[in-house]
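See below for upload-v8.cif, which holds mmCIF, C-alpha atoms.
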data_structure
loop_
_atom_site.label_atom_id
_atom_site.label_comp_id
_atom_site.auth_asym_id
_atom_site.auth_seq_id
_atom_site.Cartn_x
_atom_site.Cartn_y
_atom_site.Cartn_z
CA VAL A 1 57.86 -123.17 167.85
CA ILE A 2 58.17 -125.55 164.87
CA PRO A 3 59.06 -129.26 165.29
CA ALA A 4 62.21 -130.34 163.45
CA ASN A 5 60.34 -132.71 161.12
CA HIS A 6 58.26 -129.73 159.89
CA ALA A 7 61.19 -127.35 159.43
CA THR A 8 61.51 -127.78 155.67
CA ARG A 9 57.76 -127.34 155.22
CA ALA A 10 57.80 -124.17 157.34
CA VAL A 11 60.68 -122.67 155.40
CA ARG A 12 58.89 -123.42 152.14
CA ALA A 13 55.76 -121.73 153.52
CA LEU A 14 57.78 -118.64 154.41
CA PHE A 15 59.22 -118.28 150.92
CA PHE A 16 55.82 -118.99 149.38
CA ALA A 17 54.46 -116.06 151.42
CA LEU A 18 57.30 -113.88 150.18
CA ALA A 19 56.56 -114.87 146.59
CA VAL A 20 52.87 -114.02 147.03
CA ALA A 21 53.79 -110.65 148.52
CA SER A 22 56.08 -109.99 145.57
CA ALA A 23 53.31 -110.84 143.10
CA LEU A 24 50.89 -108.53 144.88
CA GLY A 25 53.53 -105.82 144.85
CA SER A 26 53.55 -105.94 141.04
CA SER A 27 49.89 -104.89 140.92
CA VAL A 28 49.45 -102.62 143.91
CA GLY A 29 53.00 -101.40 144.45
CA VAL A 30 53.45 -102.85 147.92
CA LEU A 31 55.98 -105.44 149.13
CA GLN A 32 55.64 -106.09 152.82
CA VAL A 33 56.36 -109.31 154.71
CA SER A 34 57.59 -109.93 158.26
CA LYS A 35 57.98 -113.47 159.55
CA THR A 36 59.94 -115.17 162.32
CA LEU A 37 60.57 -118.93 162.54
CA ARG A 38 62.27 -120.89 165.31
CA LEU A 39 63.28 -124.50 164.63
CA ARG A 40 63.08 -127.00 167.50
CA GLY A 41 65.13 -130.15 167.65
CA GLY A 42 67.59 -129.11 164.93
CA SER A 43 71.18 -127.97 165.26
CA ALA A 44 72.07 -124.50 166.53
CA ALA A 45 73.24 -123.61 163.02
CA ALA A 46 69.86 -124.61 161.58
CA ALA A 47 68.05 -122.59 164.22
CA ASP A 48 70.08 -119.54 163.28
CA THR A 49 69.50 -119.99 159.56
CA VAL A 50 65.96 -118.56 159.49
CA HIS A 51 65.61 -115.10 161.01
CA SER A 52 63.03 -112.34 160.84
CA VAL A 53 62.57 -111.22 157.24
CA PHE A 54 62.04 -107.49 156.74
CA SER A 55 60.87 -106.28 153.36
CA PHE A 56 60.62 -102.76 151.97
CA SER A 57 57.33 -101.16 150.89
CA HIS A 58 57.20 -99.59 147.44
CA ALA A 59 54.71 -97.55 145.42
CA PRO A 60 55.14 -96.33 141.83
CA SER A 61 53.78 -92.88 141.04
CA SER A 62 50.63 -94.47 139.56
CA TYR A 63 49.71 -95.87 143.00
CA PHE A 64 49.02 -92.33 144.19
CA ALA A 65 47.23 -91.13 141.04
CA LEU A 66 44.39 -88.75 141.94
CA GLU A 67 41.73 -91.13 140.65
CA LYS A 68 43.01 -93.86 143.00
CA LEU A 69 42.65 -91.78 146.18
CA THR A 70 39.58 -92.40 148.36
CA PRO A 71 37.34 -89.28 148.61
CA LYS A 72 36.57 -88.10 152.14
CA GLY A 73 34.08 -85.42 151.12
CA PRO A 74 33.95 -81.70 152.02
CA ARG A 75 35.81 -80.56 155.11
CA LYS A 76 33.28 -79.70 157.81
CA ASN A 77 35.51 -77.10 159.49
CA ALA A 78 36.16 -75.00 156.35
CA ASP A 79 35.53 -71.26 156.59
CA VAL A 80 36.74 -70.40 153.05
CA GLY A 81 35.32 -72.21 150.00
CA THR A 82 34.23 -75.86 150.08
CA PRO A 83 37.49 -77.84 150.13
CA ALA A 84 37.11 -81.58 149.63
CA ASP A 85 39.94 -84.02 150.26
CA ALA A 86 40.90 -87.58 149.39
CA THR A 87 43.61 -89.95 150.60
CA ARG A 88 45.33 -93.29 150.11
CA SER A 89 47.69 -95.08 152.49
CA LEU A 90 50.78 -97.01 151.39
CA ALA A 91 51.98 -98.60 154.64
CA LYS A 92 52.35 -98.30 158.39
CA VAL A 93 55.74 -99.45 159.64
CA GLY A 94 56.13 -99.20 163.40
CA THR A 95 55.64 -95.54 164.32
CA VAL A 96 55.74 -94.36 160.69
CA SER A 97 52.86 -94.08 158.20
CA VAL A 98 53.15 -93.11 154.53
CA GLY A 99 50.45 -92.16 152.02
CA SER A 100 49.08 -89.51 149.68
CA TRP A 101 46.48 -86.73 150.07
CA SER A 102 44.72 -84.27 147.82
CA CYS A 103 42.48 -81.30 148.55
CA THR A 104 40.62 -78.73 146.48
CA ASP A 105 40.93 -75.01 147.20
CA GLY A 106 39.61 -73.55 150.44
CA GLY A 107 40.73 -72.74 153.97
CA TRP A 108 40.25 -73.85 157.56
CA ASP A 109 41.64 -73.40 161.05
CA SER A 110 43.60 -76.25 162.61
CA PRO A 111 43.58 -75.35 166.32
CA ALA A 112 44.32 -78.79 167.79
CA LEU A 113 47.98 -79.42 168.58
CA ARG A 114 49.46 -82.01 166.21
CA ALA A 115 50.04 -85.36 167.93
CA THR A 116 52.63 -86.39 165.30
CA THR A 117 55.24 -84.86 163.00
CA GLU A 118 54.25 -84.75 159.33
CA VAL A 119 56.58 -84.29 156.38
CA PHE A 120 55.04 -83.89 152.93
CA TYR A 121 56.24 -83.28 149.39
CA VAL A 122 54.01 -81.24 147.07
CA PHE A 123 53.34 -82.81 143.67
CA THR A 124 51.00 -80.08 142.44
CA GLY A 125 49.08 -77.12 143.84
CA GLN A 126 49.63 -74.00 145.89
CA GLY A 127 48.80 -73.01 149.43
CA SER A 128 50.05 -71.95 152.82
CA VAL A 129 50.13 -72.94 156.47
CA THR A 130 50.04 -70.23 159.12
CA ASP A 131 51.48 -70.49 162.64
CA THR A 132 49.50 -69.38 165.69
CA ASP A 133 51.33 -66.02 165.75
CA GLY A 134 50.25 -65.22 162.18
CA THR A 135 53.47 -66.20 160.39
CA LYS A 136 52.46 -67.52 156.96
CA HIS A 137 54.47 -70.13 155.07
CA LEU A 138 53.76 -70.45 151.34
CA PHE A 139 54.33 -73.72 149.47
CA GLY A 140 54.06 -74.96 145.89
CA PRO A 141 55.13 -77.78 143.57
CA GLY A 142 58.45 -79.38 144.55
CA ASP A 143 58.47 -77.92 148.05
CA THR A 144 58.75 -80.04 151.19
CA VAL A 145 56.70 -79.00 154.23
CA ILE A 146 57.30 -80.10 157.83
CA LEU A 147 54.61 -79.73 160.48
CA PRO A 148 56.30 -80.67 163.79
CA LYS A 149 54.51 -82.39 166.63
CA GLY A 150 52.65 -79.73 168.62
CA TRP A 151 52.07 -77.43 165.64
CA SER A 152 48.70 -75.75 165.22
CA GLY A 153 47.50 -72.91 163.02
CA ARG A 154 45.70 -72.60 159.71
CA TRP A 155 45.58 -74.15 156.23
CA ASP A 156 44.75 -72.25 153.04
CA ILE A 157 44.73 -74.04 149.67
CA THR A 158 44.69 -71.57 146.77
CA GLU A 159 45.12 -74.19 144.04
CA ALA A 160 44.12 -77.85 144.45
CA ILE A 161 46.98 -79.69 146.14
CA HIS A 162 48.31 -83.24 145.74
CA LYS A 163 51.05 -84.49 148.03
CA VAL A 164 52.82 -87.56 149.41
CA TRP A 165 53.18 -87.59 153.21
CA VAL A 166 55.16 -89.27 155.98
CA VAL A 167 53.74 -89.15 159.51
CA HIS A 168 55.94 -90.00 162.49
CA ASP A 169 54.38 -90.76 165.89
CA HIS A 170 57.01 -90.05 168.53
CA PRO A 171 57.35 -88.82 172.14
CA ASP A 172 57.27 -85.11 172.96
CA ILE A 173 60.51 -83.22 172.39
CA GLU A 174 61.71 -81.55 175.57
CA GLY A 175 62.70 -77.91 175.33
CA ALA A 176 60.93 -77.25 172.01
CA SER A 177 60.56 -73.49 171.41
CA THR A 178 57.13 -71.90 171.07
CA PRO A 179 55.26 -71.20 168.98
CA ILE A 180 56.09 -74.38 167.10
CA ARG A 181 56.58 -73.34 163.49
CA ALA A 182 55.97 -75.02 160.18
CA VAL A 183 59.10 -75.43 158.05
CA ILE A 184 59.16 -75.02 154.27
CA VAL A 185 62.08 -76.50 152.35
CA PRO A 186 61.97 -75.04 148.82
CA ALA A 187 62.43 -77.24 145.77
CA ALA A 188 65.80 -75.61 145.04
CA SER A 189 67.21 -77.14 148.23
CA PHE A 190 67.07 -80.57 146.59
CA SER A 191 68.99 -79.62 143.46
CA ALA A 192 72.57 -80.81 142.97
CA ASP A 193 75.34 -78.63 144.37
CA SER A 194 78.63 -79.12 142.53
CA SER A 195 80.59 -77.62 145.46
CA GLU A 196 79.59 -80.44 147.83
CA GLU A 197 82.07 -83.22 148.42
CA LEU A 198 81.02 -86.77 147.58
CA SER A 199 81.52 -89.57 150.08
CA ALA A 200 83.89 -92.41 149.25
CA GLN A 201 80.95 -94.28 147.70
CA GLY A 202 79.86 -91.28 145.65
CA SER A 203 76.88 -90.05 147.68
CA ILE A 204 75.85 -86.86 149.47
CA THR A 205 73.43 -86.52 152.39
CA ARG A 206 72.35 -82.92 152.97
CA LYS A 207 70.13 -82.53 156.06
CA VAL A 208 67.47 -79.84 155.77
CA TYR A 209 65.65 -80.58 159.04
CA GLU A 210 66.40 -82.40 162.28
CA GLU A 211 64.31 -82.29 165.43
CA GLY A 212 64.36 -85.07 167.99
CA PRO A 213 63.93 -88.48 166.32
CA THR A 214 62.85 -87.07 162.93
CA SER A 215 65.19 -85.79 160.23
CA VAL A 216 64.76 -84.84 156.56
CA ALA A 217 67.58 -84.88 154.04
CA CYS A 218 68.35 -84.68 150.35
CA TRP A 219 70.22 -87.84 149.41
CA THR A 220 72.03 -88.04 146.08
CA SER A 221 74.23 -90.77 144.69
CA SER A 222 76.19 -91.54 141.56
CA ARG A 223 76.36 -95.10 140.20
CA ALA A 224 77.24 -97.43 143.07
CA THR A 225 76.20 -100.51 145.06
CA TYR A 226 75.38 -100.18 148.75
CA HIS A 227 75.11 -103.19 151.08
CA VAL A 228 72.99 -102.70 154.22
CA PRO A 229 73.64 -105.41 156.88
CA GLU A 230 70.87 -104.27 159.26
CA GLN A 231 69.27 -100.83 159.14
CA ALA A 232 69.13 -99.07 162.53
CA ILE A 233 66.27 -96.70 161.62
CA THR A 234 63.26 -96.53 159.32
CA GLU A 235 63.75 -94.52 156.12
CA SER A 236 60.97 -93.22 153.87
CA LEU A 237 62.08 -91.90 150.49
CA HIS A 238 60.47 -90.14 147.55
CA VAL A 239 62.52 -90.42 144.36
CA LEU A 240 63.03 -87.14 142.48
CA GLU A 241 65.27 -88.49 139.73
CA GLY A 242 67.34 -91.49 138.74
CA LEU A 243 67.08 -95.26 138.40
CA PHE A 244 68.03 -97.93 140.92
CA PHE A 245 67.13 -101.39 142.20
CA VAL A 246 66.51 -102.27 145.84
CA THR A 247 66.89 -105.93 146.83
CA ASN A 248 65.73 -107.62 150.03
CA ALA A 249 67.83 -110.18 151.87
CA ASP A 250 65.66 -112.95 150.35
CA GLY A 251 66.51 -111.78 146.81
CA SER A 252 63.18 -110.12 145.93
CA ALA A 253 63.82 -106.78 144.25
CA ARG A 254 62.10 -103.70 142.87
CA ARG A 255 63.05 -101.23 140.15
CA CYS A 256 62.68 -97.63 141.36
CA VAL A 257 62.45 -94.47 139.24
CA ALA A 258 61.47 -90.82 139.62
CA GLY A 259 58.05 -90.47 141.26
CA ASP A 260 58.31 -93.69 143.29
CA THR A 261 57.97 -93.87 147.07
CA LEU A 262 59.94 -96.38 149.17
CA ILE A 263 60.06 -97.38 152.84
CA THR A 264 62.90 -99.47 154.28
CA PRO A 265 62.07 -100.42 157.89
CA LYS A 266 64.28 -100.63 160.92
CA GLY A 267 65.99 -104.03 160.82
CA TRP A 268 65.93 -104.23 157.03
CA SER A 269 68.92 -105.69 155.23
CA GLY A 270 69.69 -105.94 151.55
CA HIS A 271 71.40 -103.86 148.90
CA TRP A 272 70.94 -100.92 146.55
CA ASP A 273 72.20 -100.84 142.96
CA ILE A 274 72.29 -97.30 141.58
CA ILE A 275 72.06 -97.50 137.78
CA GLU A 276 71.58 -93.80 137.00
CA PRO A 277 72.41 -90.87 139.35
CA VAL A 278 69.70 -90.61 142.01
CA THR A 279 68.20 -87.76 144.03
CA THR A 280 65.71 -88.48 146.81
CA ILE A 281 63.96 -86.82 149.71
CA CYS A 282 64.72 -89.04 152.70
CA VAL A 283 62.81 -88.94 156.00
CA ALA A 284 64.74 -90.83 158.69
CA THR A 285 62.84 -91.79 161.84
CA ALA A 286 64.11 -93.36 165.03
CA GLU A 287 61.92 -95.21 167.53
#

Translate this file's structure into structure tokens.
Amino acid sequence: VIPANHATRAVRALFFALAVASALGSSVGVLQVSKTLRLRGGSAAAADTVHSVFSFSHAPSSYFALEKLTPKGPRKNADVGTPADATRSLAKVGTVSVGSWSCTDGGWDSPALRATTEVFYVFTGQGSVTDTDGTKHLFGPGDTVILPKGWSGRWDITEAIHKVWVVHDHPDIEGASTPIRAVIVPAASFSADSSEELSAQGSITRKVYEEGPTSVACWTSSRATYHVPEQAITESLHVLEGLFFVTNADGSARRCVAGDTLITPKGWSGHWDIIEPVTTICVATAE
């Protein structure tokens, strides 16, 4: 609670924090601020003026460059080769985490049931994941892989892999069939389809996976401006092509291009300005 005679100072402090976050975002690719202020002793209108501020998180492709990942060393459970992995986190927003991972060639069993759903996009490399019944799923550059909560099986990396991942921690999904299978969405699924009908604003959302509170879609848009009053879910996007600007409610903005990764949290408001036609992989997650 902030006394009325300190209201102006508190508001200035909030926007100073936002400015600092924006400056840091320029160097490390992350913009993330959340702040709530209540004003005491002022009018109802004044009290309603300052609300929670939700900012997006952003990383350019350079943020996930291989040399910027933190090495974890050789995998102790490997039974083929000597695979060594490395990782770097971007942000954790509620029940969603986003980051990047790399691993050299090798193989290992993964018998523990996954406690979360993971969605990842392959930058480079080749490999496969195998379900418990022996069904093998191959993946390569441009593919999107989904490992649902409860999945277990085996990993085999045949050519060093580099990926960006989204992990969603959510409750169990009742009635899920067994065995729980990995899902591979090939790169071709995210290419433009001229037969699809554009929305009134010139966009297309093509869902490629939906299970419980997690869905994956290809989102494309022509030049347009989208205003978001208050987002009901958290969205994590990897940009495949295009150019656009995303602007927070406080006016701070970021230019986004192919290779960038973006998270807009539940409760976020702002607007998108699409400058050049955009294609993204979008992971939508509900609480």

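You will find CA of Val80 in chain A at 26.5 Å from CA of Val166 in chain A.
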
>> With the PyMOL selection byres ((chain A and resi 82) around 12) as the selection, what would be picked from this file? Answer as number ranges by chain, please.
In response: A: 73-81, 83-85, 103-108, 156-158, 160

>> Applying 8 Å and all atoms listed in the file, which residues near range 116-124 of chain A remain after dropping the ones on its own chain fewer than 3 positions away? List them as a count of residues only.
In response: 25

> For this file, the PyMOL selection byres ((chain A and resi 134) around 12) selects which residues, as number ranges by chain?
Replying inline: A: 109, 128-133, 135-137, 152-155, 179-182

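Nearest residue to Trp268 in chain A among A:Asp250, A:Glu241, A:Glu287, A:Glu230 is A:Glu230, counting all atoms listed in the file.
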